[in-house]
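Student: One structure coming up, written as structure tokens, with questions to follow.
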Amino acid sequence: MRTKRNILLILQVLLIPCVVFFCLEFPENPYFYTLPATQIIINLVISAILSAVIILVIPGIYTGICLTFILAAFSGILNALIIQFRTYPISPADVISIGTAKAVAGGYTIHLTLPMIITGVAAALAIGFYLLLHHFGYGFGRETKRIYEAGLLTGILAASLLFVLIHKLDIDNEYDLETYYWDPTRTYIQNGFALSFMDQLHDMIVEKPEGYTKKQAKAALKDPKNDIETQKPDFSGFSNKAPVVVTIMNESFTDYNAVCDFPDNDSCLDYYYSLKDDPGTVEWGYSYVSTRGGGTCKSEFEELTGFTMQYLPSTMPYMMYSFSGVRTYVGAFNGDGYDTVAMHPFFATNWKRNIVYGEMGFDSFLYAVDYDDSHLDARDYKDDVGDYERLLTEIDAHGGSTFIMNITLQNHGGYDAETFPEYVTELSGEFNDCEDLKVFQGMMKASDDALRMLMAELKKLDRPVCVVFFGDHQPGLSAGTEELLRSRAQNHHTDEAKLEQSFYATPYFIWTNYSVPDTSYKKGVDGCSIISLNYLGAMTRYYLGEELSDFDGFMLRLRDAVPVINSNGYYVDGLGWRLLDEKDGLPDAIKQQLLEYEYIQYRRMFDNK
């Protein structure tokens with residue numbers, strides 16, 4: 001009899017994480033049982049630990065069991081509803097951000113699905129099953145004070161184990177799991193709710209920099225050297241003296257001359273090259289970004305915040321963090337009386353922009369529904385001409401000072417010749433065998449022509465105009481094309497650091513229709529300006545003659561010493577290119593500036609209360 005009872009108790013214990021796993025998965029993924037065995041086991045282990053924490057810490061074993069099943073069902077159903085609302089699942093950033101929770105809840109109509117209802121019923125039946133077992137004497141027995149104290153200790157130990165696992169175990173790499181940062185719903189369905197959520201928690205952990213204190217971060221910002229005065233441009237020649245700032249992040253815009261000897265770029269990007277000698281061009285050259293082939297929001301994050309991906313884990317900041325209370329250049333322009341507008345002819349939920357832009361302070365966000373149906377390609381993506389026409393319309397709608405962040409879509413992968421025959425262009429030598437590259441270069445030609453059209457219209461405006469243009473990253477091409485590019489790059493670059501950075505170089509320029517009185521913070525190499533995206537915000541405000549903050553001043557000084565800092569390494573003035581693992585060999589003064597930058601970024605992102 002005792003043996004049967006013990007077996008029954010063991011089965012009850014084992015059933016708890018199975019119920020939790022079911023409740024978390026079934027509402028959004030009724031076919032969760034088709035997950036690979038590794039993912040199922042990890043999800044069950046996480047469910048078991050979470051269940052143990054709740055059941056053993058909450059007074060009353062059955063109170064804990066009931067609460068565990070209720071929370072599991074609630075979380076699974078809520079996750080499915082949130083995917084229904086905004087196309088991507090619950091993230092740790094949602095949990096810690098009240099503002100995000102309000103944004104998610106407001107304005108939506110709940111549509112309960114059959115899997116959601118089944119999950120609720122299953123949780124209720126599980127609760128009833130355990131309570132009946134307890135009622136008829138087949139449960140866990142009476143909980144004494146000593147048992148509760150032992151359970152509480154075990155629960156605390158389980159919570160500690162979970163914390164260590166989240167903090168130390170990189171599940172992606174340990175178990176070779178696929179993570180689709182641009183499509184987190186696919187990741188949740190493929191890997192499971194509990195595993196994916198915990199993996200995101202691991203990825204978003206940012207350790208305090210060594211020696212960090214809030215006082216030291218403040219001191220770095222309050223350094224008198226950061227008090228930099230801007231020389232005001234003369235806007236008196238314009239009837240409308242309210243400037244418009246047009247920042248364009250062009251999808252995959254690339255100049256392969258940065259990588260290797262690539263003769264066809266001269267014809268594909270002839271207008272871009274002509275801007276180097278345009279009298280309005282203030283800076284022209286290469287921006288060195290922190291991502292390649294994807295991860296657009298990393299580049300956008302660096303440009304809008306002034307922060308660097310080097311000090312964050314290998315993750316997508318828009319998907320992982322809340323930006324409520326984080327000071328950005330959007331807020332700086334708001335403070336100067338600018339209208340702030342974000343534009344992107346795609347889904348508002350892409351990279352969670354519908355949430356992030358509100359947190360950053362944009363006054364408005366125009367996305368797919370705000371564009372007409374003209375200038376669409378075979379995928380129904382808006383081409384650059386259509387995007388720029390909508391941009392010009394938006395500029396006309398704002399008579400006062402305006403900051404516009406425009407993100408294009410045309411050149412997004414893939415690059416299939418059958419899908420895009422109109423873009424196929426002939427290339428020189430071996431490159432003509434690369435079908436995807438032939439399509440991509442045709443897209444570059446189309447982007448260059450669209451840029452010509454846009455700049456011609458902007459030059460007609462009778463108001464101050466500042467254009468900041470850059471590519472977000474190089475495209476992801478086929479293995480054969482990549483192999484050929486790298487082979488040519490190795491012949492073109494003798495310096496290893498420069499070779500690696502060349503695959504993260506994208507074209508950029510800053511252009512104004514007014515005279516910029518001072519360009520002393522501009523840095524050049526081999527006849528081209530160089531920059532990383534974290535400096536673009538400060539440089540834009542500098543060339544506009546806006547009042548600079550201490551952070552702006554710090555960034556200008558840092559650019560003077562280290563004009564490029566990204567996830568791969570640095571360009572240090574007077575020393576050249578350095579990879580990330582060569583940081584220890586930098587001069588002490590440079591290392592100190594970089595440490596101060598890390599302190600400032602940590603404080604502004606994670607310690608800003």
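Chains: A, B, ... in order of the structure tokens. Residues: from 1 per chain. Ligands: from 1, in order shown.
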Applying 6 Å and only C-alpha atoms, which residues near region 235-249 of chain A remain after dropping the ones on its own chain fewer than 6 positions away? List them as a ChimeraX atom specification.

Tutor: /A:400-407,462-472

Student: Any chance you could export the current selection's N, CA, C and O atoms as a compact mmCIF listing (two decimals), in the first residue's frame?

Tutor:
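Listing of again-v2.txt after writing:
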# COMPACT_ATOMS: atom_id res chain seq x y z
N GLY A 400 7.35 73.82 -39.47
CA GLY A 400 8.29 74.17 -38.42
C GLY A 400 9.50 73.26 -38.44
O GLY A 400 9.67 72.41 -39.33
N SER A 401 10.38 73.42 -37.44
CA SER A 401 11.57 72.58 -37.35
C SER A 401 11.14 71.11 -37.23
O SER A 401 10.28 70.78 -36.41
N THR A 402 11.76 70.23 -38.02
CA THR A 402 11.31 68.85 -38.12
C THR A 402 12.49 67.89 -38.20
O THR A 402 13.44 68.14 -38.94
N PHE A 403 12.42 66.83 -37.42
CA PHE A 403 13.39 65.73 -37.50
C PHE A 403 12.66 64.50 -38.00
O PHE A 403 11.67 64.06 -37.41
N ILE A 404 13.14 63.93 -39.11
CA ILE A 404 12.50 62.75 -39.70
C ILE A 404 13.51 61.61 -39.77
O ILE A 404 14.61 61.77 -40.30
N MET A 405 13.13 60.47 -39.22
CA MET A 405 13.91 59.24 -39.34
C MET A 405 13.22 58.35 -40.36
O MET A 405 12.12 57.84 -40.12
N ASN A 406 13.83 58.20 -41.54
CA ASN A 406 13.23 57.44 -42.62
C ASN A 406 14.03 56.16 -42.85
O ASN A 406 15.25 56.20 -43.04
N ILE A 407 13.33 55.02 -42.84
CA ILE A 407 13.97 53.72 -43.01
C ILE A 407 13.39 53.07 -44.26
O ILE A 407 12.18 52.84 -44.34
N ASP A 462 13.26 76.09 -49.74
CA ASP A 462 13.70 77.39 -49.25
C ASP A 462 13.69 77.39 -47.72
O ASP A 462 13.03 78.19 -47.08
N ARG A 463 14.39 76.43 -47.16
CA ARG A 463 14.55 76.32 -45.71
C ARG A 463 15.82 75.53 -45.44
O ARG A 463 16.29 74.77 -46.32
N PRO A 464 16.41 75.66 -44.29
CA PRO A 464 17.63 74.89 -43.99
C PRO A 464 17.34 73.39 -44.00
O PRO A 464 16.36 72.94 -43.41
N VAL A 465 18.18 72.63 -44.68
CA VAL A 465 18.02 71.18 -44.78
C VAL A 465 19.34 70.51 -44.41
O VAL A 465 20.40 70.90 -44.90
N CYS A 466 19.25 69.51 -43.54
CA CYS A 466 20.40 68.67 -43.21
C CYS A 466 20.02 67.23 -43.51
O CYS A 466 19.03 66.72 -42.98
N VAL A 467 20.78 66.57 -44.40
CA VAL A 467 20.52 65.19 -44.77
C VAL A 467 21.62 64.30 -44.17
O VAL A 467 22.81 64.56 -44.38
N VAL A 468 21.21 63.30 -43.43
CA VAL A 468 22.13 62.29 -42.90
C VAL A 468 21.72 60.96 -43.50
O VAL A 468 20.60 60.48 -43.27
N PHE A 469 22.60 60.37 -44.30
CA PHE A 469 22.27 59.16 -45.06
C PHE A 469 23.28 58.08 -44.73
O PHE A 469 24.50 58.33 -44.72
N PHE A 470 22.80 56.85 -44.49
CA PHE A 470 23.73 55.73 -44.27
C PHE A 470 23.04 54.41 -44.57
O PHE A 470 21.82 54.29 -44.50
N GLY A 471 23.83 53.40 -44.91
CA GLY A 471 23.31 52.05 -45.06
C GLY A 471 23.31 51.34 -43.72
O GLY A 471 24.22 51.52 -42.91
N ASP A 472 22.29 50.52 -43.48
CA ASP A 472 22.19 49.88 -42.16
C ASP A 472 23.16 48.72 -42.01
O ASP A 472 23.67 48.46 -40.93

Student: Applying 12 Å and only C-alpha atoms, which residues near Ser502 (chain A) remain after dropping the ones on its own chain fewer than 6 positions away? List them as a ChimeraX atom specification.

Tutor: /A:254-261,286-292,473-474,485-486,488-490,492-496,530,568-569,571,577

Student: Those same residues, written as a compact mmCIF listing (two decimals), in the first residue's frame with C-alpha atoms?

Tutor:
# COMPACT_ATOMS: atom_id res chain seq x y z
CA THR A 254 26.49 49.03 -49.82
CA ASP A 255 29.61 50.14 -51.67
CA TYR A 256 31.76 47.06 -52.26
CA ASN A 257 34.78 49.23 -53.00
CA ALA A 258 35.17 49.30 -49.21
CA VAL A 259 35.61 45.52 -49.30
CA CYS A 260 37.67 44.89 -52.42
CA ASP A 261 38.49 46.10 -55.91
CA TYR A 286 32.04 54.94 -44.77
CA SER A 287 30.12 54.24 -41.59
CA TYR A 288 31.21 51.11 -39.73
CA VAL A 289 28.18 49.31 -38.33
CA SER A 290 27.76 46.48 -35.81
CA THR A 291 25.76 43.99 -37.86
CA ARG A 292 25.82 42.25 -41.22
CA HIS A 473 24.39 46.88 -43.06
CA GLN A 474 25.78 44.88 -45.95
CA LEU A 485 34.12 38.67 -51.92
CA ARG A 486 36.27 37.49 -49.03
CA ARG A 488 39.11 39.46 -53.19
CA ALA A 489 39.10 41.31 -49.85
CA GLN A 490 42.09 39.34 -48.59
CA HIS A 492 42.86 44.06 -51.14
CA HIS A 493 43.57 44.48 -47.39
CA THR A 494 46.81 43.48 -45.71
CA ASP A 495 45.67 44.58 -42.25
CA GLU A 496 43.51 41.94 -40.52
CA ILE A 530 34.94 57.48 -41.41
CA ASN A 568 34.13 44.35 -33.89
CA GLY A 569 36.69 46.85 -32.65
CA TYR A 571 39.72 52.87 -35.41
CA TRP A 577 42.38 49.76 -36.98

Student: Within 9 Å of region 110-129 of chain A, which residues of region 10-59 of chain A come that close, and what is the closest atom pair and distance in Å for each? Count only C-alpha atoms and give it as a tab-separated table.

Tutor:
residue	atom	partner	partner_atom	distance
A:Ile16	CA	A:Ala126	CA	8.8
A:Val19	CA	A:Ala123	CA	7.5
A:Val20	CA	A:Ala123	CA	8.6
A:Phe22	CA	A:Thr119	CA	7.8
A:Cys23	CA	A:Thr119	CA	5.6
A:Leu24	CA	A:Thr119	CA	8.6
A:Phe26	CA	A:Pro115	CA	6.2
A:Pro27	CA	A:Met116	CA	4.6
A:Glu28	CA	A:Pro115	CA	7.4
A:Asn29	CA	A:Pro115	CA	8.4
A:Pro30	CA	A:Pro115	CA	6.8

Student: Just the number, please: distance in Å from CA of His134 (chain A) to CA of Ile70 (chain A), one decimal.

Tutor: 18.2 Å

Student: Among region 329-461 of chain A, which ones does DSSP assign to helix (DSSP H, G or I) (computed from the backbone)? Answer as number ranges by chain.

Tutor: A: 329-335, 350-360, 368-370, 384-397, 421-423, 429-433, 435-458

Student: Which distance in Å separates CA of Asn191 (chain A) and CA of Ser91 (chain A), to one decimal?

Tutor: 14.4 Å

Student: How many Å separate CA of Ile395 (chain A) from CA of Pro345 (chain A)?

Tutor: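 Here the two named atoms are 16.0 Å from each other.
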
Student: Would you give me, as number ranges by chain, the residues in region 335-517 of chain A that DSSP reads as strand (DSSP E or B)?

Tutor: A: 339-343, 364-366, 376, 382, 402-407, 465-471, 505-512

Student: For region 349-402 of chain A versus region 447-454 of chain A, which residues have an atom no more than 8 Å away, and what is each residue's nearest atom pair and distance in Å rounded to one decimal, using only C-alpha atoms, chain-then-number order, as a Markdown table?

Tutor:
| residue | atom | partner | partner_atom | distance |
| --- | --- | --- | --- | --- |
| A:Asp384 | CA | A:Ala450 | CA | 5.9 |
| A:Val385 | CA | A:Ala450 | CA | 5.1 |
| A:Tyr388 | CA | A:Leu454 | CA | 6.3 |
| A:Glu389 | CA | A:Leu454 | CA | 7.9 |
| A:Leu392 | CA | A:Leu454 | CA | 7.9 |

Student: Of the candidates A:Gly553, A:Pro89, A:Gly480, A:Pro563, which one gets nearest to Asn226 (chain A) if we count only C-alpha atoms?

Tutor: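 Under the stated criterion, the closest residue is A:Gly553.
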
Student: Residues within 8 Å of Asp416 (chain A), please, as a list in words. Count only C-alpha atoms; anything in the same chain fewer than 4 positions from it doesn't count.

Tutor: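 The contact residues come out as Phe420, Glu435, Asp436 and Val439 of chain A.
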
Student: Restrict the selected residues to N, CA, C and O atoms and save them as an mmCIF file, in the first residue's frame.

Tutor:
data_model
loop_
_atom_site.group_PDB
_atom_site.id
_atom_site.type_symbol
_atom_site.label_atom_id
_atom_site.label_comp_id
_atom_site.auth_asym_id
_atom_site.auth_seq_id
_atom_site.Cartn_x
_atom_site.Cartn_y
_atom_site.Cartn_z
ATOM 1 N N PHE A 420 13.157 39.077 -59.461
ATOM 2 C CA PHE A 420 13.468 40.462 -59.810
ATOM 3 C C PHE A 420 14.254 40.557 -61.124
ATOM 4 O O PHE A 420 15.396 41.012 -61.138
ATOM 5 N N GLU A 435 24.665 35.312 -59.273
ATOM 6 C CA GLU A 435 23.325 35.763 -59.661
ATOM 7 C C GLU A 435 22.703 36.693 -58.622
ATOM 8 O O GLU A 435 22.043 37.669 -58.966
ATOM 9 N N ASP A 436 22.887 36.394 -57.349
ATOM 10 C CA ASP A 436 22.297 37.254 -56.317
ATOM 11 C C ASP A 436 22.958 38.621 -56.292
ATOM 12 O O ASP A 436 22.305 39.648 -56.095
ATOM 13 N N VAL A 439 21.558 40.859 -58.985
ATOM 14 C CA VAL A 439 20.277 41.452 -58.594
ATOM 15 C C VAL A 439 20.514 42.584 -57.594
ATOM 16 O O VAL A 439 19.951 43.685 -57.718
#

Student: Pick the closest to Thr519 (chain A) from A:Gly545, A:Gly399, A:Gly335, A:Gly294: which is it, counting only C-alpha atoms?

Tutor: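 Ranking A:Gly545, A:Gly399, A:Gly335, A:Gly294 by distance to Thr519 (chain A), first place goes to A:Gly545.
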
Student: For region 195-200 of chain A, work out the shell of residues within 7 Å, counting only C-alpha atoms and skipping chain neighbours fewer than 3 positions away, then give it as an MDAnalysis selection string.

Tutor: chainID A and resid 42:43 91:92 166 171 187:188 191:192 203:204

Student: Dump C-alpha atoms for the selected residues as a short mmCIF file (atom, residue, chain, number, x, y, z; two decimals), in the first residue's frame?

Tutor:
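Heads up, here's the output in selection-v9.cif:
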data_model
loop_
_atom_site.label_atom_id
_atom_site.label_comp_id
_atom_site.auth_asym_id
_atom_site.auth_seq_id
_atom_site.Cartn_x
_atom_site.Cartn_y
_atom_site.Cartn_z
CA ILE A 42 14.67 21.79 -21.57
CA ASN A 43 11.16 23.27 -21.44
CA SER A 91 9.40 39.35 -23.93
CA PRO A 92 11.21 40.07 -20.67
CA ILE A 166 19.67 32.21 -16.71
CA ILE A 171 21.37 27.86 -24.20
CA THR A 187 11.54 31.23 -32.21
CA TYR A 188 8.90 30.66 -29.49
CA ASN A 191 11.93 26.25 -29.27
CA GLY A 192 9.07 26.56 -26.79
CA ASP A 203 20.71 37.52 -23.65
CA MET A 204 19.53 40.79 -22.12
#
